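Engineer: Take a look at the following structure, please.
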Amino acid sequence: MDPTAPGDEVTRLLALPALEVGPRLLGSVFRVGEVAVRLTEVEAYHGQGQDPGSHAHRGQTPRNASMFREGGTLYVYLSYGIHRCVNIVCGPEGYASGLLLRAGEVVDGVEVARSRRATAKRDSELAKGPGRLGSALDIGLGDDGSRLGQGRFSLELPGGDVGDVVAGPRVGVSGRAGTDEFPWRFTLAGEPSVSSWRPAVRRRGGAAERW
DNA sequence: TAGAAGATAGGA
DNA sequence: CCTATCTTCTAG
């Protein structure tokens with residue numbers, strides 16, 4: 001097997017922990033069937049008790065089982081009962097780190113993406129945010145556990161320079177894990193498709209802090 | 001067994 | 001600012 005083949009390069013990269021993969025994944029093209037996005041924003045989640053913000057922090061459950069598979073697996077979950085969000089799992093089996101695909105620029109299949117995202121006023125909003133990205137790419141819970149490079153899913157790493165990468169606190173993550181103590185959100189500078197930062201939701205007025 | 005909180009988005 | 005919407009996890 002040719003070790004310089006593109007497919008192997010992706011495999012080698014995704015064998016690393018999400019913290020290392022995150023910045024290097026920006027500018028990649030993630031394709032799901034006829035629609036493709038160029039990733040402009042990702043967030044790293046680290047498992048194994050090292051990241052209080054991760055779904056895998058408290059160990060394996062039926063929902064997060066895909067995160068414990070090997071790098072290149074997709075972890076899809078339902079967010080707020082409505083949105084389907086996608087992660088690319090990183091690291092060896094059992095490591096449970098992943099990258100939430102938070103935003104991208106639609107670079108192919110724009111018409112299809114528009115039809116799926118009728119409320120988007122501009123094309124830069126088609127995949128601006130993890131729920132929107134999942135919608136534009138027609139990701140479903142049935143895609144949980146799929147593998148990159150199989151079926152409708154593929155990933156192509158950027159060919160050249162992607163510009164400046166910015167690291168900062170993650171979006172909507174509660175507690176310490178959402179502060180710049182964990183600067184694990186990576187964005188491409190100056191991209192209109194990058195979502196706005198927002199603190200964790202807190203409906204019941206305050207309290208309930210268990211960290 | 002119940003109940004709150006959640007890696008969000010859209011509309012008033 | 002408020003609400004839709006529903007699964008998962010944790011406490012009791």
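Convention: chains lettered A, B, ... in structure tokens order; per-chain residue numbering from 1; ligands numbered from 1 as shown.
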Which residues of chain C have any atom within 9 Å of an atom in chain A when counting only C-alpha atoms (C1' of nucleotides), and what is the closest pair of atoms for each, with the distance in Å to one decimal? Order the rows by chain and rising number and write it as JSON lines.
Structural biologist:
```
{"residue": "C:DA4", "atom": "C1'", "partner": "A:Ile82", "partner_atom": "CA", "distance": 8.3}
{"residue": "C:DT5", "atom": "C1'", "partner": "A:Gly81", "partner_atom": "CA", "distance": 4.9}
{"residue": "C:DC6", "atom": "C1'", "partner": "A:Gly81", "partner_atom": "CA", "distance": 4.2}
{"residue": "C:DT7", "atom": "C1'", "partner": "A:Gly81", "partner_atom": "CA", "distance": 6.6}
{"residue": "C:DT8", "atom": "C1'", "partner": "A:Arg63", "partner_atom": "CA", "distance": 7.7}
```
Engineer: Please identify which residues in region 15-140 of chain A DSSP calls helix (DSSP H, G or I) from the backbone, and express them as JSON, numbers by chain.
Structural biologist: {"A": [18, 19, 20, 21, 22, 23, 24, 25, 63, 64, 65, 66, 67, 68, 110, 111, 112, 113, 114, 115, 116, 123, 124, 125, 130, 131, 132, 133, 134, 135, 136]}
Engineer: Give me, as an mmCIF file with N, CA and C atoms (P, O5', C5', C4', C3', O3' and C1' of nucleotides), in the first residue's frame, all polymer residues having an atom no more than 12 Å from DG12 (chain C), counting only C-alpha atoms (C1' of nucleotides) and skipping those fewer than 4 positions away in the same chain.
Structural biologist:
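Final file, selection37.cif:
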```cif
data_model
loop_
_atom_site.group_PDB
_atom_site.id
_atom_site.type_symbol
_atom_site.label_atom_id
_atom_site.label_comp_id
_atom_site.auth_asym_id
_atom_site.auth_seq_id
_atom_site.Cartn_x
_atom_site.Cartn_y
_atom_site.Cartn_z
ATOM 1 P P DT B 1 -41.586 2.367 37.113
ATOM 2 O "O5'" DT B 1 -41.078 3.829 37.432
ATOM 3 C "C5'" DT B 1 -41.456 4.348 38.702
ATOM 4 C "C4'" DT B 1 -41.048 5.810 38.804
ATOM 5 C "C3'" DT B 1 -41.420 6.654 37.572
ATOM 6 O "O3'" DT B 1 -41.991 7.860 38.036
ATOM 7 C "C1'" DT B 1 -39.125 6.895 38.065
ATOM 8 P P DA B 2 -42.919 8.771 37.122
ATOM 9 O "O5'" DA B 2 -42.219 10.168 37.416
ATOM 10 C "C5'" DA B 2 -41.936 10.505 38.774
ATOM 11 C "C4'" DA B 2 -40.761 11.439 38.830
ATOM 12 C "C3'" DA B 2 -40.893 12.634 37.881
ATOM 13 O "O3'" DA B 2 -40.411 13.772 38.544
ATOM 14 C "C1'" DA B 2 -38.867 11.563 37.491
ATOM 15 P P DG B 3 -41.264 15.143 38.518
ATOM 16 O "O5'" DG B 3 -40.023 16.099 38.259
ATOM 17 C "C5'" DG B 3 -38.866 15.953 39.092
ATOM 18 C "C4'" DG B 3 -37.656 16.390 38.298
ATOM 19 C "C3'" DG B 3 -37.985 17.497 37.289
ATOM 20 O "O3'" DG B 3 -36.952 18.448 37.338
ATOM 21 C "C1'" DG B 3 -36.825 15.787 36.231
#
```
Engineer: Would you list which chain A residues are within 9 Å of chain B using only C-alpha atoms (C1' of nucleotides), as a PyMOL selection string?
Structural biologist: chain A and resi 43+45+53-55+79-80+82-83+85+100+119+129-132+170-173+201-203
